[in-house]
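Worksheet for the structure shown next.
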Amino acid sequence: MKQPLKQVHFYRRALAAGRAQGFEFDDGLCLHLTGDEGGAYFASFDTADPDGTYHRLVVDGDFDGAKLEVIAAVSPADAAPGVENFSAFLASDAPAAEKMAAMMLLPHVRAVNQPDILLHQLEGRWVFLCVCALRQDAASCTLRGLRLEFPRYSFTRYFPEIYQAGDFFTRYLAVFQSLYLDLEKQVDDVPLALDYESADAEQLAALASWLGLDTAGGIFGPEQLRQLIRDSRLYQGGKGTRAALESIVELACGVRPRIVEYFQWSGRPMSAARRRLYESLYGEDGDSFCVLLDLTQRRQPLPVTEAQLDGLIDAYSMLGIRHKLVFLRRCSYTDTHCYLGVNSCLSTPETASVDGVRLGGYFTVG
């Protein structure tokens, strides 16, 4: 059954449009109680319906450490006794207690420690909302958002007329009606939950696991997960290939790697000493390869640790294959080999003197 309810959601940016006192927003635009004694949140909404009725108000949050007080008031206009522009008054810096007292002069519903409130007795074009949290202990309190449902709606309309006369049966049935409508909303929102372009970070991780994508212990952020899902044919279908490994390493750390495999150098003519050197650098046999990351142009540290990157490479490599991970950085220490022309190369190390200064037997060559 499809309910004819309209809904107004006060979440994130819509929540930020209200007035919070004693609350502060986090990065996800949720409100956290910061006041020593408590805090209050005020919002207003114009339904544009002079004969507007209301069904219920749902408060989404965690209030285990506070006393929750919710007030929903209505008015035919944006006004209250003694206040002409009431929505502006609620958005002002006036004390929260003064705003709540003004709301109580209007037709209202007040509830304590009840996040799901019926508003069947309210009628009016404008609705004004207040969520007040009074701290009772040191526990943290969070307000994620509000959901206002209108117009008035009851399942008693599907019952014989005798059941529609009294208010008791309406309120009794509202308990089961709320459970049913919430479940129906979850079913309606399933397509949104499966849309990786709009899903939140928690749902993205679930979608990636459903698709069998290896997220390497959760090192990827939301945008990286969206790319993983979008290009799952490469990252999952091509898992174990060179192309997939290069792409996943670049996705994790922002640097395109260079992969050196055994067959790329083993067939070249070289001395035994040179072969031993190459084996120590790139791998001893065909079951090993080397991943080179050129960090010479990068000023910021990598967003992942070396251990996480090793685990990611293992996850996207063929079973039983070993790898070496080498970071290329600019330095002044010269060695007997070079990677991609980044480090200097001295084929025969010798003792040298630069202006008569010797640093522990090593010299800095500019």
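Ligands are numbered from 1 in the order shown, residues from 1 within each chain, and chains are lettered A, B, ... in the order they appear in the structure tokens.
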Counting only C-alpha atoms, what is within 8 Å of range 205-211 of chain A, bar same-chain residues fewer than 5 positions away, as a ChimeraX atom specification? /A:194,196,218,225,228-229
DSSP on the backbone: what in range 26-144 of chain A comes out helix (DSSP H, G or I), as a count of residues only? 13
Skipping near chain neighbours, those fewer than 6 positions away, what residues fall within 10 Å of range 165-178 of chain A using only C-alpha atoms, listed as a tab-separated table (two decimals) with C-alpha atoms, in the first residue's frame?
chain	number	residue	atom	x	y	z
A	55	HIS	CA	0.77	13.22	10.98
A	56	ARG	CA	3.93	12.79	13.04
A	116	ASP	CA	8.35	9.56	17.54
A	118	LEU	CA	1.89	12.04	16.73
A	120	HIS	CA	-2.87	14.71	14.69
A	153	TYR	CA	-3.25	10.15	8.07
A	154	SER	CA	-4.62	7.12	9.91
A	155	PHE	CA	-5.20	3.50	9.03
A	156	THR	CA	-8.65	3.76	10.65
A	157	ARG	CA	-9.96	4.86	7.26
A	184	GLU	CA	7.57	0.67	3.71
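Put simply, CA of Gln136 in chain A is 5.8 Å away from CA of Gly65 in chain A.
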Mind checking which residues fall within 12 Å of range 244-252 of chain A, counting only C-alpha atoms, ignoring those fewer than 2 positions away in the same chain, and posting them as a PyMOL selection string? chain A and resi 213-216+218-221+223-228+231-242+254-260+289-294+302-306+308-318+323+325
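Note that CA of Arg12 in chain A and CA of Ala48 in chain A are 23.2 Å apart.
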Which residues are close to range 23-32 of chain A, i.e. within 8 Å by only C-alpha atoms, leaving aside same-chain residues fewer than 2 positions away? Reply as a VMD selection string. chain A and resid 11 to 13 15 to 16 20 to 21 34 to 35 39 to 41 140 to 145
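As for CA of Tyr54 in chain A and CA of Glu84 in chain A, they are spaced 23.2 Å apart.
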